[in-house]
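As stored in protein.csv (CSV, C-alpha atoms):
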```csv
chain,number,residue,atom,x,y,z
A,1,MET,CA,-35.1,10.3,58.9
A,2,SER,CA,-33.3,11.1,55.7
A,3,LYS,CA,-30.3,12.0,57.8
A,4,PHE,CA,-29.7,8.3,58.5
A,5,LYS,CA,-30.3,7.1,55.1
A,6,SER,CA,-27.3,5.4,53.6
A,7,LYS,CA,-25.6,7.3,50.9
A,8,LYS,CA,-24.4,4.1,49.2
A,9,ASP,CA,-26.8,2.1,47.3
A,10,ASN,CA,-28.0,-1.0,48.9
A,11,SER,CA,-26.9,-3.6,46.4
A,12,LEU,CA,-24.4,-6.2,47.6
A,13,PRO,CA,-20.7,-5.3,47.4
A,14,ALA,CA,-18.8,-7.1,44.6
A,15,VAL,CA,-16.9,-10.2,45.8
A,16,ASN,CA,-13.3,-9.4,46.0
A,17,THR,CA,-11.4,-11.4,43.5
A,18,ALA,CA,-7.9,-10.3,44.3
A,19,SER,CA,-7.1,-13.6,45.8
A,20,LEU,CA,-8.3,-15.7,42.9
A,21,PRO,CA,-4.9,-15.8,41.2
A,22,ASP,CA,-3.4,-17.1,44.5
A,23,ILE,CA,-5.9,-19.9,44.6
A,24,VAL,CA,-5.2,-20.7,41.0
A,25,PHE,CA,-1.5,-20.7,41.6
A,26,MET,CA,-1.9,-22.9,44.7
A,27,LEU,CA,-3.8,-25.5,42.7
A,28,LEU,CA,-1.2,-25.3,39.9
A,29,PHE,CA,1.7,-25.8,42.3
A,30,PHE,CA,-0.2,-28.7,44.0
A,31,PHE,CA,-0.6,-30.5,40.7
A,32,MET,CA,2.9,-29.8,39.7
A,33,VAL,CA,4.1,-31.3,42.8
A,34,VAL,CA,2.0,-34.5,42.9
A,35,THR,CA,2.4,-35.3,39.2
A,36,VAL,CA,4.8,-38.1,38.5
A,37,MET,CA,6.1,-38.2,35.0
A,38,ARG,CA,5.5,-41.6,33.5
A,39,GLU,CA,8.0,-42.8,31.0
A,40,ASP,CA,5.9,-45.6,29.6
A,41,GLU,CA,2.5,-46.9,30.0
A,42,LEU,CA,2.7,-50.4,31.2
A,43,LYS,CA,0.9,-53.2,29.6
A,44,ILE,CA,2.3,-55.8,31.8
A,45,LEU,CA,2.3,-56.5,35.5
A,46,ASN,CA,5.4,-55.0,37.0
A,47,ARG,CA,5.9,-55.6,40.7
A,48,LEU,CA,9.6,-55.2,41.3
A,49,PRO,CA,11.4,-57.5,43.7
A,50,GLN,CA,13.1,-56.0,46.8
A,51,ALA,CA,16.8,-55.7,47.5
A,52,ASP,CA,18.9,-53.8,50.0
A,53,GLN,CA,22.3,-53.7,48.4
A,54,ILE,CA,21.2,-51.2,45.8
A,55,GLU,CA,22.8,-48.3,44.1
A,56,LYS,CA,21.0,-45.3,42.8
A,57,LEU,CA,20.6,-45.1,39.1
A,58,ASP,CA,22.2,-41.9,38.0
A,59,LYS,CA,20.1,-39.8,35.6
A,60,LYS,CA,23.3,-38.1,34.5
A,61,TYR,CA,23.8,-40.9,32.0
A,62,PRO,CA,21.2,-42.1,29.6
A,63,ILE,CA,18.9,-44.9,30.7
A,64,SER,CA,16.8,-47.2,28.5
A,65,TYR,CA,14.1,-49.2,30.1
A,66,ILE,CA,13.1,-52.8,29.4
A,67,TYR,CA,10.1,-54.2,31.1
A,68,ALA,CA,9.1,-57.8,31.5
A,69,GLY,CA,6.3,-59.5,33.2
A,70,LYS,CA,3.0,-61.2,32.5
A,71,PRO,CA,0.4,-59.2,30.6
A,72,ALA,CA,-1.8,-57.0,32.8
A,73,LYS,CA,-5.5,-57.7,33.2
A,74,ALA,CA,-6.6,-55.6,30.2
A,75,TYR,CA,-4.2,-57.4,27.9
A,76,GLU,CA,-4.9,-61.0,28.9
A,77,LYS,CA,-5.4,-61.9,25.3
A,78,TYR,CA,-1.6,-62.0,25.1
A,79,GLY,CA,-1.5,-65.0,27.4
A,80,THR,CA,-0.2,-65.5,30.9
A,81,GLU,CA,3.5,-66.1,30.1
A,82,ALA,CA,5.9,-63.3,30.9
A,83,ARG,CA,6.3,-60.9,28.0
A,84,LEU,CA,8.6,-58.1,27.1
A,85,GLN,CA,7.7,-54.5,26.7
A,86,LEU,CA,9.8,-51.9,24.9
A,87,ASN,CA,8.5,-48.3,24.9
A,88,ASP,CA,4.8,-48.5,24.7
A,89,LYS,CA,4.2,-51.9,23.1
A,90,LEU,CA,4.7,-55.6,23.8
A,91,ALA,CA,7.7,-56.9,21.9
A,92,GLU,CA,9.6,-60.0,21.0
A,93,ILE,CA,13.1,-60.9,22.3
A,94,SER,CA,14.5,-60.4,18.8
A,95,GLU,CA,13.4,-56.7,18.8
A,96,ILE,CA,15.8,-55.8,21.6
A,97,GLN,CA,18.8,-55.2,19.4
A,98,ALA,CA,16.9,-52.8,17.1
A,99,PHE,CA,15.5,-51.1,20.2
A,100,ILE,CA,19.0,-50.5,21.7
A,101,ASN,CA,20.3,-49.2,18.4
A,102,ALA,CA,17.3,-46.8,18.1
A,103,GLU,CA,18.0,-45.6,21.7
A,104,ARG,CA,21.6,-45.1,20.8
A,105,ALA,CA,20.8,-43.2,17.6
A,106,ALA,CA,19.1,-40.6,19.8
A,107,LEU,CA,22.1,-40.0,21.9
A,108,ARG,CA,25.1,-37.8,21.6
A,109,GLU,CA,28.1,-39.7,20.6
A,110,GLU,CA,30.1,-39.4,23.8
A,111,LEU,CA,27.2,-40.8,25.8
A,112,ILE,CA,26.7,-43.9,23.8
A,113,PRO,CA,29.0,-46.1,25.8
A,114,LYS,CA,27.4,-44.8,29.0
A,115,LEU,CA,24.0,-46.1,28.1
A,116,THR,CA,22.6,-48.1,31.0
A,117,VAL,CA,19.8,-50.5,30.5
A,118,SER,CA,17.4,-50.7,33.4
A,119,LEU,CA,15.7,-54.1,33.6
A,120,LYS,CA,12.3,-53.8,35.3
A,121,VAL,CA,11.2,-57.3,35.6
A,122,ASP,CA,8.2,-58.6,37.5
A,123,LYS,CA,9.2,-60.7,40.5
A,124,GLU,CA,7.1,-63.6,39.3
A,125,ALA,CA,8.7,-63.8,35.9
A,126,ASN,CA,11.2,-66.6,35.5
A,127,MET,CA,14.9,-66.3,34.6
A,128,GLY,CA,14.3,-67.7,31.1
A,129,ILE,CA,13.2,-64.4,29.7
A,130,VAL,CA,15.8,-62.5,31.7
A,131,GLY,CA,18.5,-64.7,30.4
A,132,ASP,CA,17.3,-64.2,26.8
A,133,ILE,CA,17.2,-60.4,27.4
A,134,LYS,CA,20.7,-60.5,28.7
A,135,GLN,CA,22.0,-62.5,25.8
A,136,GLU,CA,20.4,-60.0,23.3
A,137,LEU,CA,21.9,-57.1,25.2
A,138,ARG,CA,25.3,-58.7,25.0
A,139,LYS,CA,24.8,-59.1,21.2
A,140,ALA,CA,23.9,-55.5,21.0
A,141,SER,CA,27.0,-54.6,23.1
A,142,ALA,CA,24.9,-52.9,25.8
A,143,PHE,CA,26.8,-54.2,28.8
A,144,ARG,CA,25.8,-51.9,31.5
A,145,ILE,CA,22.7,-53.2,33.1
A,146,ASN,CA,20.8,-52.5,36.2
A,147,TYR,CA,18.3,-54.9,37.8
A,148,THR,CA,15.9,-52.2,39.0
A,149,THR,CA,14.4,-53.1,42.4
A,150,ALA,CA,12.4,-51.6,45.2
A,151,SER,CA,14.3,-51.1,48.4
A,152,GLY,CA,13.5,-53.5,51.1
A,153,ASP,CA,14.4,-56.8,52.7
A,154,ALA,CA,15.5,-59.1,49.9
A,155,LYS,CA,14.4,-62.2,51.8
A,156,LYS,CA,10.8,-61.1,51.6
A,157,ASN,CA,10.9,-61.9,47.9
A,158,LEU,CA,10.7,-65.6,48.6
A,159,GLU,CA,7.6,-65.6,50.8
B,160,MET,CA,-32.9,1.0,59.7
B,161,ALA,CA,-29.7,1.4,57.7
B,162,LYS,CA,-28.2,-1.6,55.9
B,163,ARG,CA,-24.6,-2.0,56.7
B,164,SER,CA,-22.4,-3.1,53.8
B,165,ALA,CA,-20.4,-6.2,54.7
B,166,PRO,CA,-16.8,-5.3,55.5
B,167,GLU,CA,-14.2,-6.4,53.0
B,168,VAL,CA,-12.2,-9.4,54.0
B,169,ASN,CA,-8.5,-8.5,53.9
B,170,ALA,CA,-7.0,-10.7,51.3
B,171,GLY,CA,-3.4,-9.4,51.6
B,172,SER,CA,-2.2,-12.5,53.4
B,173,MET,CA,-3.6,-14.9,50.8
B,174,ALA,CA,-0.4,-14.8,48.9
B,175,ASP,CA,1.6,-15.6,52.0
B,176,ILE,CA,-0.6,-18.7,52.7
B,177,ALA,CA,-0.2,-19.8,49.1
B,178,PHE,CA,3.6,-19.4,49.3
B,179,LEU,CA,3.7,-21.3,52.6
B,180,LEU,CA,1.9,-24.2,51.0
B,181,LEU,CA,4.1,-24.1,47.9
B,182,ILE,CA,7.2,-24.1,50.0
B,183,PHE,CA,5.8,-27.0,52.2
B,184,PHE,CA,5.2,-29.1,49.1
B,185,LEU,CA,8.5,-28.2,47.5
B,186,VAL,CA,10.4,-29.3,50.6
B,187,THR,CA,8.5,-32.5,51.3
B,188,THR,CA,8.4,-33.8,47.8
B,189,THR,CA,11.1,-36.3,46.8
B,190,ILE,CA,11.4,-37.1,43.1
B,191,PRO,CA,11.3,-40.9,42.9
B,192,LYS,CA,14.5,-42.2,41.6
B,193,ASP,CA,15.2,-45.7,40.3
B,194,SER,CA,17.7,-47.8,42.1
B,195,GLY,CA,18.8,-51.4,41.8
B,196,ILE,CA,21.7,-53.7,41.5
B,197,THR,CA,24.1,-52.7,38.7
B,198,ARG,CA,25.9,-55.3,36.8
B,199,LYS,CA,28.2,-55.5,33.8
B,200,LEU,CA,27.6,-58.1,31.2
B,201,PRO,CA,30.5,-59.9,29.8
B,202,PRO,CA,31.2,-59.3,26.1
B,203,ILE,CA,30.7,-62.1,23.7
B,204,GLU,CA,34.1,-63.5,22.9
B,205,GLU,CA,34.7,-65.4,19.7
B,206,ASN,CA,37.6,-67.5,20.6
B,207,ASP,CA,37.5,-67.9,24.3
B,208,GLU,CA,40.5,-69.8,25.5
B,209,ASP,CA,39.9,-71.9,28.5
B,210,VAL,CA,41.4,-70.2,31.5
B,211,ILE,CA,42.4,-72.7,34.1
B,212,ILE,CA,41.0,-71.8,37.5
B,213,LYS,CA,41.6,-74.1,40.4
B,214,GLU,CA,38.5,-75.7,41.7
B,215,LYS,CA,39.0,-74.4,45.2
B,216,ASN,CA,38.9,-70.8,43.9
B,217,ILE,CA,35.4,-71.2,42.6
B,218,PHE,CA,32.4,-70.9,44.8
B,219,THR,CA,29.5,-72.4,42.9
B,220,VAL,CA,26.0,-71.2,43.6
B,221,LEU,CA,23.2,-73.0,41.8
B,222,LEU,CA,19.6,-71.9,41.8
B,223,ASN,CA,17.3,-74.5,40.4
B,224,GLY,CA,13.9,-74.3,38.9
B,225,LYS,CA,12.2,-74.8,42.2
B,226,ASP,CA,14.1,-71.9,43.7
B,227,GLN,CA,16.2,-74.2,45.8
B,228,LEU,CA,19.8,-73.1,46.5
B,229,LEU,CA,22.7,-75.4,46.1
B,230,VAL,CA,26.0,-74.0,47.3
B,231,GLU,CA,29.2,-76.0,46.7
B,232,ASP,CA,27.0,-79.0,46.0
B,233,GLU,CA,25.1,-78.7,49.3
B,234,LEU,CA,21.6,-77.5,49.9
B,235,MET,CA,21.7,-74.2,51.7
B,236,LYS,CA,19.2,-71.7,53.1
B,237,ILE,CA,19.3,-68.2,51.7
B,238,GLU,CA,19.9,-66.8,55.2
B,239,ASP,CA,23.3,-68.6,55.3
B,240,LEU,CA,24.5,-67.6,51.8
B,241,ARG,CA,25.9,-64.3,52.8
B,242,ASP,CA,28.1,-65.7,55.6
B,243,ALA,CA,29.2,-68.7,53.4
B,244,ALA,CA,30.3,-66.3,50.7
B,245,VAL,CA,32.1,-64.1,53.2
B,246,THR,CA,33.9,-67.1,54.6
B,247,PHE,CA,34.9,-68.2,51.1
B,248,LEU,CA,36.2,-64.8,50.0
B,249,ASP,CA,37.9,-63.9,53.2
B,250,ASN,CA,39.7,-67.2,53.5
B,251,GLY,CA,43.2,-66.1,52.2
B,252,GLY,CA,44.5,-69.7,51.7
B,253,ASP,CA,47.9,-68.8,50.2
B,254,GLY,CA,48.7,-66.1,52.8
B,255,SER,CA,49.3,-63.4,50.2
B,256,CYS,CA,46.3,-61.5,51.5
B,257,THR,CA,47.3,-59.4,54.5
B,258,TYR,CA,43.9,-58.0,55.2
B,259,CYS,CA,42.0,-61.3,55.2
B,260,LYS,CA,40.8,-62.6,58.5
B,261,GLY,CA,39.6,-66.0,57.3
B,262,ALA,CA,40.6,-69.5,58.4
B,263,LYS,CA,43.4,-69.7,55.9
B,264,ASP,CA,42.1,-73.1,54.9
B,265,PRO,CA,44.2,-74.5,52.0
B,266,ARG,CA,41.2,-76.2,50.5
B,267,SER,CA,39.3,-72.9,50.1
B,268,SER,CA,40.1,-69.8,48.1
B,269,ASP,CA,43.7,-68.4,47.8
B,270,ASN,CA,42.9,-64.7,48.0
B,271,PRO,CA,40.0,-62.4,47.2
B,272,ASP,CA,41.5,-61.6,43.9
B,273,LYS,CA,41.5,-65.2,42.8
B,274,ALA,CA,38.2,-66.1,44.4
B,275,ILE,CA,35.4,-66.3,41.9
B,276,ILE,CA,31.7,-66.8,42.7
B,277,SER,CA,29.9,-68.7,40.0
B,278,LEU,CA,26.2,-68.2,39.8
B,279,LYS,CA,24.1,-70.6,37.8
B,280,ASN,CA,20.4,-70.5,37.4
B,281,ASP,CA,17.7,-72.4,35.6
B,282,ARG,CA,15.2,-71.0,33.1
B,283,GLN,CA,12.5,-71.8,35.5
B,284,THR,CA,14.1,-70.0,38.4
B,285,SER,CA,12.0,-67.1,39.6
B,286,TYR,CA,13.4,-63.6,39.1
B,287,ALA,CA,12.6,-62.8,42.8
B,288,ALA,CA,14.9,-65.7,43.9
B,289,TYR,CA,17.6,-64.6,41.5
B,290,ILE,CA,17.5,-61.1,42.8
B,291,THR,CA,17.6,-62.3,46.4
B,292,VAL,CA,20.7,-64.4,45.6
B,293,GLN,CA,22.4,-61.5,43.7
B,294,ASN,CA,21.6,-59.2,46.6
B,295,GLU,CA,23.1,-61.6,49.2
B,296,LEU,CA,26.3,-62.0,47.1
B,297,VAL,CA,26.7,-58.2,46.7
B,298,ALA,CA,26.1,-57.9,50.4
B,299,ALA,CA,28.9,-60.3,51.1
B,300,TYR,CA,31.3,-58.2,49.0
B,301,ASN,CA,30.1,-55.1,50.6
B,302,GLN,CA,30.6,-56.5,54.0
B,303,LEU,CA,34.2,-57.2,53.3
B,304,ARG,CA,34.7,-53.9,51.6
B,305,ASN,CA,33.1,-52.1,54.6
B,306,ARG,CA,35.5,-53.8,57.0
B,307,ARG,CA,38.4,-52.9,54.8
B,308,ALA,CA,37.3,-49.3,54.6
B,309,LEU,CA,37.1,-49.0,58.3
B,310,GLU,CA,40.6,-50.3,58.6
B,311,LEU,CA,42.0,-48.1,55.8
B,312,GLY,CA,40.0,-45.0,56.4
B,313,PRO,CA,41.5,-43.7,59.6
B,314,LYS,CA,45.0,-43.8,58.2
B,315,LYS,CA,44.0,-41.8,55.2
B,316,GLY,CA,41.9,-39.3,57.1
B,317,PHE,CA,38.4,-40.8,56.6
B,318,ALA,CA,37.6,-42.2,60.0
B,319,ASP,CA,34.3,-43.9,60.7
B,320,MET,CA,33.4,-44.2,57.0
B,321,ASP,CA,32.5,-47.6,55.6
B,322,TYR,CA,32.7,-48.4,52.0
B,323,ILE,CA,29.1,-47.6,51.2
B,324,LYS,CA,29.4,-44.2,52.9
B,325,MET,CA,32.6,-43.5,51.1
B,326,GLU,CA,31.0,-44.1,47.7
B,327,LYS,CA,28.0,-42.0,48.8
B,328,SER,CA,30.3,-39.2,49.9
B,329,TYR,CA,32.2,-39.3,46.7
B,330,ASP,CA,29.0,-38.7,44.7
B,331,ASP,CA,27.8,-36.1,47.1
B,332,PRO,CA,28.6,-32.6,45.8
B,333,ASN,CA,28.3,-31.2,49.3
B,334,PHE,CA,31.0,-33.4,50.7
B,335,VAL,CA,33.7,-31.5,52.5
B,336,GLY,CA,37.0,-33.3,52.3
B,337,ASN,CA,39.6,-34.4,49.8
B,338,LYS,CA,37.8,-36.2,47.0
B,339,VAL,CA,40.9,-37.1,45.2
B,340,LYS,CA,42.2,-38.9,48.3
B,341,LEU,CA,38.8,-40.5,48.8
B,342,LYS,CA,38.8,-41.8,45.2
B,343,GLU,CA,42.2,-43.4,45.9
B,344,VAL,CA,40.9,-45.2,48.9
B,345,ILE,CA,37.8,-46.5,47.0
B,346,GLU,CA,40.0,-47.6,44.1
B,347,GLN,CA,42.4,-49.4,46.5
B,348,ILE,CA,39.5,-51.3,48.2
B,349,LYS,CA,38.1,-52.2,44.8
B,350,ILE,CA,41.4,-53.7,43.7
B,351,GLU,CA,41.9,-55.5,47.0
B,352,ILE,CA,38.4,-57.0,47.0
B,353,PRO,CA,37.2,-57.2,43.4
B,354,GLN,CA,33.7,-58.3,42.6
B,355,LYS,CA,34.3,-61.4,40.6
B,356,LEU,CA,30.9,-62.8,39.9
B,357,SER,CA,30.5,-64.9,36.9
B,358,GLU,CA,27.2,-66.2,35.5
B,359,VAL,CA,27.0,-69.4,33.7
B,360,GLU,CA,24.5,-69.9,30.9
```

Translate this file's structure into structure tokens.
Amino acid sequence: MSKFKSKKDNSLPAVNTASLPDIVFMLLFFFMVVTVMREDELKILNRLPQADQIEKLDKKYPISYIYAGKPAKAYEKYGTEARLQLNDKLAEISEIQAFINAERAALREELIPKLTVSLKVDKEANMGIVGDIKQELRKASAFRINYTTASGDAKKNLE
Amino acid sequence: MAKRSAPEVNAGSMADIAFLLLIFFLVTTTIPKDSGITRKLPPIEENDEDVIIKEKNIFTVLLNGKDQLLVEDELMKIEDLRDAAVTFLDNGGDGSCTYCKGAKDPRSSDNPDKAIISLKNDRQTSYAAYITVQNELVAAYNQLRNRRALELGPKKGFADMDYIKMEKSYDDPNFVGNKVKLKEVIEQIKIEIPQKLSEVE
């Protein structure tokens, strides 16, 4: 009977781990793909209105973002009126000029006149705050603005 | 009874599968890009002299605090705004505009260069309504520019391209064609039908 006895020992063969790097890479790529870089964490509601006559905002030139809308659920202590958010914190209208100047200071000189301000305003906000923002931007000589919207039928905004 | 060791699974194709998935995600992912209506704010002028503009060359659009639209002192539905704006811009009252196809009504605008749309809103106006109106007014300009582009294009070698497509092609690095010439056409249309949208505070 010893003729049929296996020469190998009978312990289980080691699991092949050659494909482990592939699996890890796959996961890595998956997460790389699905991750969206967030510029700022929003403390306000920001549902953009829709429009269909839109132009793409070119990333070639510097863009600064100004958000406005009523405070989100976690920040209800700030009231229900539309507020302004610059970078990561709620701000006052009077802080816009300083904000624009700070954004400019970070830019190369030739790009300063190309700075575009993207206004991301909640659709339920009223024009009072938008008008104030625009006035401050004019004072800061930041004339290029973009009303950032989602793409869709503009007439749906009024429903 | 001999125990057979389990055969090794061939893992050589694992890398292929991983690459397949990688390529699939690479191809299907679009990086979200912001888009919107671009505007230029007017500079603050210290001593602004009053420029005299004829009443008939101004198209007043008023949006009140209840989001009601008042165009040339008459209530209007948002659906009709685009056509009304096109009619106003395209009027060509003084006959100097050769590409206008409007009614040539002497009581309406002289030519697209003189025609100004004046937009006024209240502090209580909702941003959504404001964007809708802005969108419709830009659409009116684009409609006229598209029409002009379709007329001009074939003569300059850009047949079947409307204005939007021309601008897109101009920004497209893969566009095959004469970009210098295309820029000329775009500039000409911009001069012929300028966007004169003034906002009142």

Item to complete: Figure out the distance between CA of Phe178 (chain B) and CA of Ala14 (chain A), please, to one decimal in Å.
Response: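 Separation of CA of Ala14 (chain A) and CA of Phe178 (chain B): 26.0 Å.
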
Item to complete: Dump as a list in words all residues having an atom at most 8 Å from (2.3, -52.7, 33.3), computed in the file's coordinates with all atoms listed in the file.
Response: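 Nearby residues: Glu41, Leu42, Lys43, Ile44, Leu45, Asn46, Gly69, Pro71 and Ala72 of chain A.
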
Item to complete: Please report as a ChimeraX atom specification which residues of chain B come no farther than 7 Å from chain A, using only C-alpha atoms.
Response: /B:161,164,170,173-174,177,181,184,193-203,281-288,291,294,297-298

Item to complete: For region 342-350 of chain B, please output as a list in words all residues within 8 Å (counting all atoms listed in the file; exclusion window: fewer than 4 positions along the same chain).
Response: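 Here the qualifying residues turn out to be Asp272, Arg304, Arg307, Ala308, Leu311, Gly312, Lys315, Tyr322, Met325, Glu326, Tyr329, Lys338 and Gln354 of chain B.
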
Worksheet item: Closest to Val292 (chain B) among B:Ile323, B:Leu278, B:Ala318, B:Ala243, using all atoms listed in the file?
Response: B:Leu278

Item to complete: Work out how far apart CA of Tyr75 (chain A) and CA of Asn87 (chain A) are and give it in Å to one decimal.
Response: 15.9 Å

Worksheet entry | Closest of A:Glu103, A:Asp88, A:Glu109, A:Glu81 to Tyr67 (chain A) - atom-to-atom distances counting all atoms listed in the file |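 Using all atoms listed in the file, the shortest distance to Tyr67 (chain A) belongs to A:Asp88.
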
Could you get me a file of region 264-348 of chain B with C-alpha atoms, as a PDB file, in the first residue's frame, taken from the block above?
```
ATOM      1  CA  ASP B 264     -41.835  99.333 -36.325  1.00  0.00           C
ATOM      2  CA  PRO B 265     -40.682 102.931 -35.815  1.00  0.00           C
ATOM      3  CA  ARG B 266     -41.987 102.844 -32.240  1.00  0.00           C
ATOM      4  CA  SER B 267     -39.682  99.975 -31.283  1.00  0.00           C
ATOM      5  CA  SER B 268     -35.882  99.649 -31.246  1.00  0.00           C
ATOM      6  CA  ASP B 269     -33.718 101.220 -33.975  1.00  0.00           C
ATOM      7  CA  ASN B 270     -31.199  98.401 -34.382  1.00  0.00           C
ATOM      8  CA  PRO B 271     -29.694  95.633 -32.248  1.00  0.00           C
ATOM      9  CA  ASP B 272     -26.725  97.814 -31.388  1.00  0.00           C
ATOM     10  CA  LYS B 273     -28.910 100.476 -29.831  1.00  0.00           C
ATOM     11  CA  ALA B 274     -31.440  98.167 -28.256  1.00  0.00           C
ATOM     12  CA  ILE B 275     -30.949  97.814 -24.541  1.00  0.00           C
ATOM     13  CA  ILE B 276     -32.704  95.420 -22.237  1.00  0.00           C
ATOM     14  CA  SER B 277     -33.106  96.855 -18.799  1.00  0.00           C
ATOM     15  CA  LEU B 278     -33.693  94.372 -16.019  1.00  0.00           C
ATOM     16  CA  LYS B 279     -34.932  95.496 -12.679  1.00  0.00           C
ATOM     17  CA  ASN B 280     -35.656  93.351  -9.686  1.00  0.00           C
ATOM     18  CA  ASP B 281     -36.840  93.757  -6.159  1.00  0.00           C
ATOM     19  CA  ARG B 282     -34.979  92.701  -3.029  1.00  0.00           C
ATOM     20  CA  GLN B 283     -37.714  90.157  -2.391  1.00  0.00           C
ATOM     21  CA  THR B 284     -37.508  88.600  -5.844  1.00  0.00           C
ATOM     22  CA  SER B 285     -36.479  84.973  -5.626  1.00  0.00           C
ATOM     23  CA  TYR B 286     -33.164  84.008  -7.117  1.00  0.00           C
ATOM     24  CA  ALA B 287     -34.839  81.218  -9.091  1.00  0.00           C
ATOM     25  CA  ALA B 288     -37.122  83.680 -10.867  1.00  0.00           C
ATOM     26  CA  TYR B 289     -34.205  86.000 -11.556  1.00  0.00           C
ATOM     27  CA  ILE B 290     -32.153  83.208 -13.110  1.00  0.00           C
ATOM     28  CA  THR B 291     -35.121  82.148 -15.211  1.00  0.00           C
ATOM     29  CA  VAL B 292     -35.486  85.669 -16.584  1.00  0.00           C
ATOM     30  CA  GLN B 293     -31.750  85.985 -17.194  1.00  0.00           C
ATOM     31  CA  ASN B 294     -31.829  82.640 -18.949  1.00  0.00           C
ATOM     32  CA  GLU B 295     -34.689  83.696 -21.220  1.00  0.00           C
ATOM     33  CA  LEU B 296     -32.983  86.964 -22.131  1.00  0.00           C
ATOM     34  CA  VAL B 297     -29.714  85.225 -22.931  1.00  0.00           C
ATOM     35  CA  ALA B 298     -31.751  82.727 -24.947  1.00  0.00           C
ATOM     36  CA  ALA B 299     -33.242  85.579 -26.966  1.00  0.00           C
ATOM     37  CA  TYR B 300     -29.778  86.895 -27.827  1.00  0.00           C
ATOM     38  CA  ASN B 301     -28.577  83.404 -28.631  1.00  0.00           C
ATOM     39  CA  GLN B 302     -31.553  82.795 -30.886  1.00  0.00           C
ATOM     40  CA  LEU B 303     -30.693  85.852 -32.964  1.00  0.00           C
ATOM     41  CA  ARG B 304     -26.999  85.042 -32.971  1.00  0.00           C
ATOM     42  CA  ASN B 305     -27.709  81.498 -34.075  1.00  0.00           C
ATOM     43  CA  ARG B 306     -29.818  82.754 -36.939  1.00  0.00           C
ATOM     44  CA  ARG B 307     -27.106  85.164 -37.982  1.00  0.00           C
ATOM     45  CA  ALA B 308     -24.458  82.450 -37.731  1.00  0.00           C
ATOM     46  CA  LEU B 309     -26.438  80.191 -40.038  1.00  0.00           C
ATOM     47  CA  GLU B 310     -26.592  83.031 -42.575  1.00  0.00           C
ATOM     48  CA  LEU B 311     -22.950  84.051 -42.281  1.00  0.00           C
ATOM     49  CA  GLY B 312     -21.425  80.623 -41.803  1.00  0.00           C
ATOM     50  CA  PRO B 313     -21.823  79.110 -45.276  1.00  0.00           C
ATOM     51  CA  LYS B 314     -20.178  82.148 -46.910  1.00  0.00           C
ATOM     52  CA  LYS B 315     -17.130  81.794 -44.683  1.00  0.00           C
ATOM     53  CA  GLY B 316     -16.888  78.046 -44.881  1.00  0.00           C
ATOM     54  CA  PHE B 317     -18.673  77.086 -41.688  1.00  0.00           C
ATOM     55  CA  ALA B 318     -21.908  75.640 -42.991  1.00  0.00           C
ATOM     56  CA  ASP B 319     -24.499  74.196 -40.617  1.00  0.00           C
ATOM     57  CA  MET B 320     -22.972  75.743 -37.543  1.00  0.00           C
ATOM     58  CA  ASP B 321     -25.012  77.911 -35.278  1.00  0.00           C
ATOM     59  CA  TYR B 322     -23.451  80.392 -32.900  1.00  0.00           C
ATOM     60  CA  ILE B 323     -23.376  78.051 -29.915  1.00  0.00           C
ATOM     61  CA  LYS B 324     -21.684  75.403 -32.010  1.00  0.00           C
ATOM     62  CA  MET B 325     -19.164  77.919 -33.326  1.00  0.00           C
ATOM     63  CA  GLU B 326     -18.171  78.950 -29.818  1.00  0.00           C
ATOM     64  CA  LYS B 327     -17.928  75.330 -28.774  1.00  0.00           C
ATOM     65  CA  SER B 328     -15.778  74.486 -31.784  1.00  0.00           C
ATOM     66  CA  TYR B 329     -13.555  77.441 -31.088  1.00  0.00           C
ATOM     67  CA  ASP B 330     -12.817  76.123 -27.602  1.00  0.00           C
ATOM     68  CA  ASP B 331     -12.462  72.561 -28.818  1.00  0.00           C
ATOM     69  CA  PRO B 332      -8.795  71.639 -29.283  1.00  0.00           C
ATOM     70  CA  ASN B 333      -9.765  68.824 -31.662  1.00  0.00           C
ATOM     71  CA  PHE B 334     -11.625  71.102 -34.035  1.00  0.00           C
ATOM     72  CA  VAL B 335     -10.439  70.685 -37.605  1.00  0.00           C
ATOM     73  CA  GLY B 336     -10.796  73.935 -39.473  1.00  0.00           C
ATOM     74  CA  ASN B 337      -9.569  77.460 -39.604  1.00  0.00           C
ATOM     75  CA  LYS B 338      -9.822  78.817 -36.100  1.00  0.00           C
ATOM     76  CA  VAL B 339      -8.677  82.300 -37.036  1.00  0.00           C
ATOM     77  CA  LYS B 340     -11.485  82.576 -39.531  1.00  0.00           C
ATOM     78  CA  LEU B 341     -13.946  81.150 -37.049  1.00  0.00           C
ATOM     79  CA  LYS B 342     -12.916  83.738 -34.485  1.00  0.00           C
ATOM     80  CA  GLU B 343     -13.570  86.459 -37.060  1.00  0.00           C
ATOM     81  CA  VAL B 344     -17.080  85.190 -37.676  1.00  0.00           C
ATOM     82  CA  ILE B 345     -17.790  84.964 -33.945  1.00  0.00           C
ATOM     83  CA  GLU B 346     -16.484  88.490 -33.384  1.00  0.00           C
ATOM     84  CA  GLN B 347     -18.557  89.817 -36.265  1.00  0.00           C
ATOM     85  CA  ILE B 348     -21.729  88.293 -34.849  1.00  0.00           C
TER      86      ILE B 348
END
```
